[in-house]
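For reference, the structure discussed in these notes is given below.
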Amino acid sequence: MAAWGDRLAGVRGVLLDISGVLYDSGEGGGVPIAGSVEAVARLKRSQLKVRFCTNESQKSRGELVALLRRLGFDISQEEVTAPAPATCQVLKERGLRPHLLVHDGVRSEFDQIDQSNPNCVVMADAGESFSYQNMNKAFQTLMELENPVLISLGKGRYYKETSGLMLDVGAYMKALEYACGIEAEVVGKPSPEFFKSALQAMGVEAHQAIMIGDDIVGDVGGAQRCGMRALQVRTGKFRPSDEYHPEVKADGYVDNLAEAVDLLLQHADK
């Protein structure tokens, strides 16, 4: 593998995943990962542009930012690319009226969207709301449509909370795909359009940006397919087997965000 200087040269912008990189969610809101609050502050004091790119779909963007600020992070809503607002834009552009299979915490993001007589299903990490009854209702809605549309806010397999690993929306998305014989449209990582919207908001080209995440497929693989470089942190959902993934190889593996920032500030923009 090339030296860090070669791998990080020319970086102008940094995309940061949130869950598993900045903090682990859980009881009481969650806890910051060691060194991450100061790491974000150091990045923001540097010449690098910074944006947060998350698949969080149990909280509204406002609630997520408020939580992170309580944990000590310097972050604002305008700096966060999240799937719920992006999904609302898709719904408006295409005249779609969703049946929502989502967590109550994110439902407010869809308050301005017409939900009468649904002609699609939108699903997110619904947590305890992934009951048989709710999954079956989403299934029935899709099967009644001539051209069923299923939109999923991300397709992660699992994520980490302070209490352990938790099933993510992707497992339930696959169940509906299988039952209905359709393929879901993903809004969120690893969708190329989602990464491109984050890059556009940050004002840098893909080859000038680096993604830092804990998901070898959603964060690292998705970013690399868009022409970005990507580092995987050994926090959050990271598993040792990720470093031997058969299809995705990160540009580098670091113990945590603090180490990633140390390397970036040493080598980027040179």
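Quick note on naming: the chains in the structure tokens go A, B, ... in the order shown, residues restart at 1 in each chain, and ligands are numbered from 1 in order of appearance.
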
* Asked: Using the chain letters and numbers from this document, which residues of segment 65-264 of chain A does DSSP assign to strand (DSSP E or B), as a VMD selection string?
  -> chain A and resid 80 to 81 98 to 101 120 to 123 150 to 153 158 to 161 164 to 167 185 to 187 209 to 213 229 to 233 252 to 254

Next, write the just-selected residues to a file, as a PDB file, in the first residue's frame, keeping C-alpha atoms as the atom set.
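Result file follows (out_32.pdb):
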ATOM      1  CA  VAL A  80     -25.386  17.522   7.369  1.00  0.00           C
ATOM      2  CA  THR A  81     -26.431  15.483   4.345  1.00  0.00           C
ATOM      3  CA  PRO A  98     -45.738   7.521   0.621  1.00  0.00           C
ATOM      4  CA  HIS A  99     -46.949   4.920   3.020  1.00  0.00           C
ATOM      5  CA  LEU A 100     -44.356   5.412   5.761  1.00  0.00           C
ATOM      6  CA  LEU A 101     -42.615   2.540   7.516  1.00  0.00           C
ATOM      7  CA  CYS A 120     -45.178   4.103  -2.891  1.00  0.00           C
ATOM      8  CA  VAL A 121     -43.635   2.875   0.337  1.00  0.00           C
ATOM      9  CA  VAL A 122     -40.843   4.714   2.134  1.00  0.00           C
ATOM     10  CA  MET A 123     -38.958   2.742   4.750  1.00  0.00           C
ATOM     11  CA  LEU A 150     -40.114   1.039  -2.602  1.00  0.00           C
ATOM     12  CA  ILE A 151     -37.729   3.728  -1.351  1.00  0.00           C
ATOM     13  CA  SER A 152     -35.318   2.854   1.448  1.00  0.00           C
ATOM     14  CA  LEU A 153     -33.341   5.361   3.503  1.00  0.00           C
ATOM     15  CA  TYR A 158     -26.436  -3.396  11.042  1.00  0.00           C
ATOM     16  CA  TYR A 159     -25.022  -0.598  13.188  1.00  0.00           C
ATOM     17  CA  LYS A 160     -23.599  -0.321  16.668  1.00  0.00           C
ATOM     18  CA  GLU A 161     -25.212   1.091  19.777  1.00  0.00           C
ATOM     19  CA  GLY A 164     -24.261  -3.913  20.959  1.00  0.00           C
ATOM     20  CA  LEU A 165     -24.943  -4.461  17.262  1.00  0.00           C
ATOM     21  CA  MET A 166     -28.446  -3.666  15.970  1.00  0.00           C
ATOM     22  CA  LEU A 167     -30.230  -4.800  12.798  1.00  0.00           C
ATOM     23  CA  GLU A 185     -34.480   2.553  -4.641  1.00  0.00           C
ATOM     24  CA  VAL A 186     -31.924   3.598  -2.029  1.00  0.00           C
ATOM     25  CA  VAL A 187     -31.660   7.203  -0.854  1.00  0.00           C
ATOM     26  CA  ALA A 209     -12.482  14.453  -1.178  1.00  0.00           C
ATOM     27  CA  ILE A 210     -12.084  11.648   1.323  1.00  0.00           C
ATOM     28  CA  MET A 211     -14.779   9.759   3.211  1.00  0.00           C
ATOM     29  CA  ILE A 212     -14.199   8.556   6.762  1.00  0.00           C
ATOM     30  CA  GLY A 213     -16.614   5.885   7.933  1.00  0.00           C
ATOM     31  CA  ARG A 229     -10.795   8.090  -1.399  1.00  0.00           C
ATOM     32  CA  ALA A 230     -12.004   6.489   1.806  1.00  0.00           C
ATOM     33  CA  LEU A 231     -10.654   5.534   5.222  1.00  0.00           C
ATOM     34  CA  GLN A 232     -12.296   3.032   7.530  1.00  0.00           C
ATOM     35  CA  VAL A 233     -12.148   3.570  11.275  1.00  0.00           C
ATOM     36  CA  GLY A 252      -6.379   3.086   4.734  1.00  0.00           C
ATOM     37  CA  TYR A 253      -7.534   1.721   8.087  1.00  0.00           C
ATOM     38  CA  VAL A 254      -7.191   3.795  11.258  1.00  0.00           C
TER      39      VAL A 254
END

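Residue neighbourhood of Glu38 of chain A, excluding near-sequence residues (fewer than 2 positions): Leu22, Pro32, Ile33, Ala34, Gly35, Ser36, Val40, Ala41, Arg42, Leu43, Lys44, Arg45, Leu71, Gly72, Phe73, Asp74, Leu257, Ala258, Glu259, Val261 and Asp262 of chain A, at 12 Å, using only C-alpha atoms.
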
Would you put the residues from that selection into a file with N, CA and C atoms, as a short mmCIF file (atom, residue, chain, number, x, y, z; two decimals), in the first residue's frame?
data_model
loop_
_atom_site.label_atom_id
_atom_site.label_comp_id
_atom_site.auth_asym_id
_atom_site.auth_seq_id
_atom_site.Cartn_x
_atom_site.Cartn_y
_atom_site.Cartn_z
N LEU A 22 -18.34 9.43 15.00
CA LEU A 22 -18.37 10.49 16.00
C LEU A 22 -18.85 9.97 17.35
N PRO A 32 -19.90 10.02 22.94
CA PRO A 32 -18.89 10.30 21.91
C PRO A 32 -17.82 9.22 21.93
N ILE A 33 -17.31 8.91 20.76
CA ILE A 33 -16.16 8.01 20.67
C ILE A 33 -14.92 8.80 21.07
N ALA A 34 -14.04 8.18 21.83
CA ALA A 34 -12.88 8.87 22.41
C ALA A 34 -12.12 9.66 21.35
N GLY A 35 -11.91 10.95 21.65
CA GLY A 35 -11.12 11.82 20.78
C GLY A 35 -11.86 12.44 19.63
N SER A 36 -13.13 12.05 19.43
CA SER A 36 -13.83 12.50 18.22
C SER A 36 -14.27 13.96 18.28
N VAL A 40 -13.03 16.62 15.35
CA VAL A 40 -13.89 17.46 14.50
C VAL A 40 -13.48 18.92 14.63
N ALA A 41 -13.21 19.36 15.86
CA ALA A 41 -12.80 20.75 16.08
C ALA A 41 -11.50 21.06 15.34
N ARG A 42 -10.55 20.13 15.37
CA ARG A 42 -9.28 20.33 14.66
C ARG A 42 -9.49 20.42 13.16
N LEU A 43 -10.34 19.55 12.63
CA LEU A 43 -10.63 19.62 11.19
C LEU A 43 -11.21 20.98 10.81
N LYS A 44 -12.12 21.48 11.65
CA LYS A 44 -12.78 22.74 11.33
C LYS A 44 -11.84 23.93 11.46
N ARG A 45 -10.80 23.79 12.25
CA ARG A 45 -9.81 24.86 12.35
C ARG A 45 -8.80 24.82 11.20
N LEU A 71 -23.44 16.64 22.99
CA LEU A 71 -22.27 15.79 23.25
C LEU A 71 -20.96 16.53 23.06
N GLY A 72 -21.05 17.79 22.59
CA GLY A 72 -19.85 18.62 22.49
C GLY A 72 -19.35 18.90 21.09
N PHE A 73 -20.04 18.40 20.06
CA PHE A 73 -19.57 18.58 18.69
C PHE A 73 -19.97 19.95 18.12
N ASP A 74 -19.07 20.50 17.33
CA ASP A 74 -19.34 21.73 16.58
C ASP A 74 -19.97 21.32 15.25
N LEU A 257 -11.28 8.25 14.60
CA LEU A 257 -11.30 9.51 13.86
C LEU A 257 -10.11 10.38 14.22
N ALA A 258 -9.70 10.38 15.48
CA ALA A 258 -8.57 11.21 15.90
C ALA A 258 -7.31 10.85 15.11
N GLU A 259 -7.07 9.57 14.91
CA GLU A 259 -5.90 9.15 14.13
C GLU A 259 -6.04 9.58 12.67
N VAL A 261 -7.64 12.16 11.52
CA VAL A 261 -7.41 13.61 11.42
C VAL A 261 -5.93 13.92 11.55
N ASP A 262 -5.23 13.25 12.44
CA ASP A 262 -3.77 13.44 12.54
C ASP A 262 -3.11 13.24 11.18
#

* Pick the closest to Ser60 of chain A from A:Phe110, A:Tyr244, A:Tyr23, A:Phe195: which is it, counting only C-alpha atoms? -> A:Phe110

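Atom CA of Leu8 of chain A to atom CA of Ala268 of chain A spans 5.1 Å [interatomic distance, one decimal].
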
* Asked: Contacts of segment 218-226 of chain A at 10 Å or less, counting only C-alpha atoms, minus same-chain residues fewer than 2 places along, as number ranges by chain?
  -> A: 15-17, 53-55, 154-157, 188-196, 206-207, 209-216, 228-232, 247-252

* To do: Could you please determine the separation between atom CA of Gly62 of chain A and atom CA of Ala84 of chain A in Å, to one decimal place?
  =>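 That distance, rounded to one decimal, is 11.3 Å.
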
* Show which residues sit within 10 Å of Gly95 of chain A, as a ChimeraX atom specification. Count only C-alpha atoms, and ignore same-chain residues fewer than 4 positions away. => /A:89-91,113-114,119

Could you please take those selected residues and save all heavy atoms as a compact mmCIF listing (two decimals), in the first residue's frame?
# COMPACT_ATOMS: atom_id res chain seq x y z
N GLN A 89 -37.40 15.41 -1.16
CA GLN A 89 -37.19 16.06 -2.45
C GLN A 89 -37.56 15.12 -3.59
O GLN A 89 -38.21 15.52 -4.56
CB GLN A 89 -35.73 16.50 -2.58
CG GLN A 89 -35.42 17.34 -3.81
CD GLN A 89 -36.16 18.67 -3.83
OE1 GLN A 89 -36.41 19.27 -2.77
NE2 GLN A 89 -36.54 19.13 -5.01
N VAL A 90 -37.16 13.86 -3.48
CA VAL A 90 -37.51 12.86 -4.50
C VAL A 90 -39.03 12.70 -4.60
O VAL A 90 -39.60 12.65 -5.70
CB VAL A 90 -36.84 11.51 -4.16
CG1 VAL A 90 -37.38 10.39 -5.06
CG2 VAL A 90 -35.33 11.60 -4.30
N LEU A 91 -39.69 12.61 -3.46
CA LEU A 91 -41.14 12.43 -3.44
C LEU A 91 -41.85 13.61 -4.13
O LEU A 91 -42.79 13.41 -4.93
CB LEU A 91 -41.64 12.29 -2.00
CG LEU A 91 -41.15 11.05 -1.24
CD1 LEU A 91 -41.57 11.13 0.23
CD2 LEU A 91 -41.66 9.77 -1.86
N ILE A 113 -45.39 16.38 3.27
CA ILE A 113 -45.58 15.46 2.14
C ILE A 113 -46.98 14.86 2.19
O ILE A 113 -47.43 14.37 3.23
CB ILE A 113 -44.53 14.34 2.18
CG1 ILE A 113 -43.12 14.91 2.10
CG2 ILE A 113 -44.77 13.33 1.05
CD1 ILE A 113 -42.78 15.59 0.80
N ASP A 114 -47.69 14.89 1.04
CA ASP A 114 -49.02 14.29 0.93
C ASP A 114 -48.91 12.77 1.11
O ASP A 114 -48.18 12.10 0.37
CB ASP A 114 -49.60 14.62 -0.45
CG ASP A 114 -51.01 14.08 -0.63
OD1 ASP A 114 -51.58 13.52 0.33
OD2 ASP A 114 -51.55 14.20 -1.76
N ASN A 119 -48.93 5.83 -3.19
CA ASN A 119 -48.51 5.17 -4.43
C ASN A 119 -47.04 4.73 -4.34
O ASN A 119 -46.41 4.47 -5.36
CB ASN A 119 -48.75 6.06 -5.65
CG ASN A 119 -48.03 7.39 -5.56
OD1 ASN A 119 -47.32 7.67 -4.58
ND2 ASN A 119 -48.24 8.24 -6.56

* Gap from atom CA of Lys237 of chain A to atom CA of Val217 of chain A - Å, one decimal -> 11.4 Å

* Nearest-residue call for Leu145 of chain A, choices A:His267, A:Ser46, A:Tyr172, A:Ile182, using only C-alpha atoms ->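 Under the stated criterion, the closest residue is A:Ile182.
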
* Residues within 7 Å of Arg61 of chain A, only C-alpha atoms, excluding chain neighbours under 2 positions, as a ChimeraX atom specification -> /A:59,63-65,77,82

* Asked: DSSP on the backbone: what in segment 149-247 of chain A comes out alpha helix (DSSP H), as a ChimeraX atom specification?
  -> /A:169-180,192-202,222-225

Output as JSON lines one row per residue of segment 157-176 of chain A within 8 Å of segment 125-144 of chain A: the closest atom pair and its distance in Å to one decimal place, counting only C-alpha atoms, sorted by chain and residue number ascending.
{"residue": "A:Asp168", "atom": "CA", "partner": "A:Asp125", "partner_atom": "CA", "distance": 5.9}
{"residue": "A:Val169", "atom": "CA", "partner": "A:Asp125", "partner_atom": "CA", "distance": 4.7}
{"residue": "A:Tyr172", "atom": "CA", "partner": "A:Phe130", "partner_atom": "CA", "distance": 7.9}
{"residue": "A:Leu176", "atom": "CA", "partner": "A:Phe139", "partner_atom": "CA", "distance": 6.4}

With N, CA and C atoms retained, could you export that selection as a PDB file, in the first residue's frame?
ATOM      1  N   ASP A 168     -30.220  -3.227  10.954  1.00  0.00           N
ATOM      2  CA  ASP A 168     -30.527  -1.968  10.270  1.00  0.00           C
ATOM      3  C   ASP A 168     -31.595  -2.197   9.202  1.00  0.00           C
ATOM      4  N   VAL A 169     -31.949  -1.132   8.522  1.00  0.00           N
ATOM      5  CA  VAL A 169     -33.058  -1.146   7.564  1.00  0.00           C
ATOM      6  C   VAL A 169     -32.830  -2.117   6.417  1.00  0.00           C
ATOM      7  N   TYR A 172     -34.632  -5.521   6.470  1.00  0.00           N
ATOM      8  CA  TYR A 172     -36.073  -5.442   6.246  1.00  0.00           C
ATOM      9  C   TYR A 172     -36.383  -5.041   4.803  1.00  0.00           C
ATOM     10  N   LEU A 176     -38.825  -7.145   1.946  1.00  0.00           N
ATOM     11  CA  LEU A 176     -39.884  -6.614   1.078  1.00  0.00           C
ATOM     12  C   LEU A 176     -39.526  -6.788  -0.398  1.00  0.00           C
TER      13      LEU A 176
END

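Counting only C-alpha atoms and comparing A:Arg12, A:Arg97, A:Arg239, A:Lys49, the residue that lies closest to Pro148 of chain A is A:Arg97.
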
* From the set A:Val11, A:Ile18, A:Val31, A:Ala260, which residue has the shortest atom-to-atom contact distance to Thr162 of chain A, counting only C-alpha atoms? ->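 Selected residue with least distance to Thr162 of chain A: A:Val31.
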
* **Shortest interatomic distance to Ala198 of chain A - which of A:Trp4, A:Glu27, A:Phe52, A:Val21, counting only C-alpha atoms** => A:Phe52
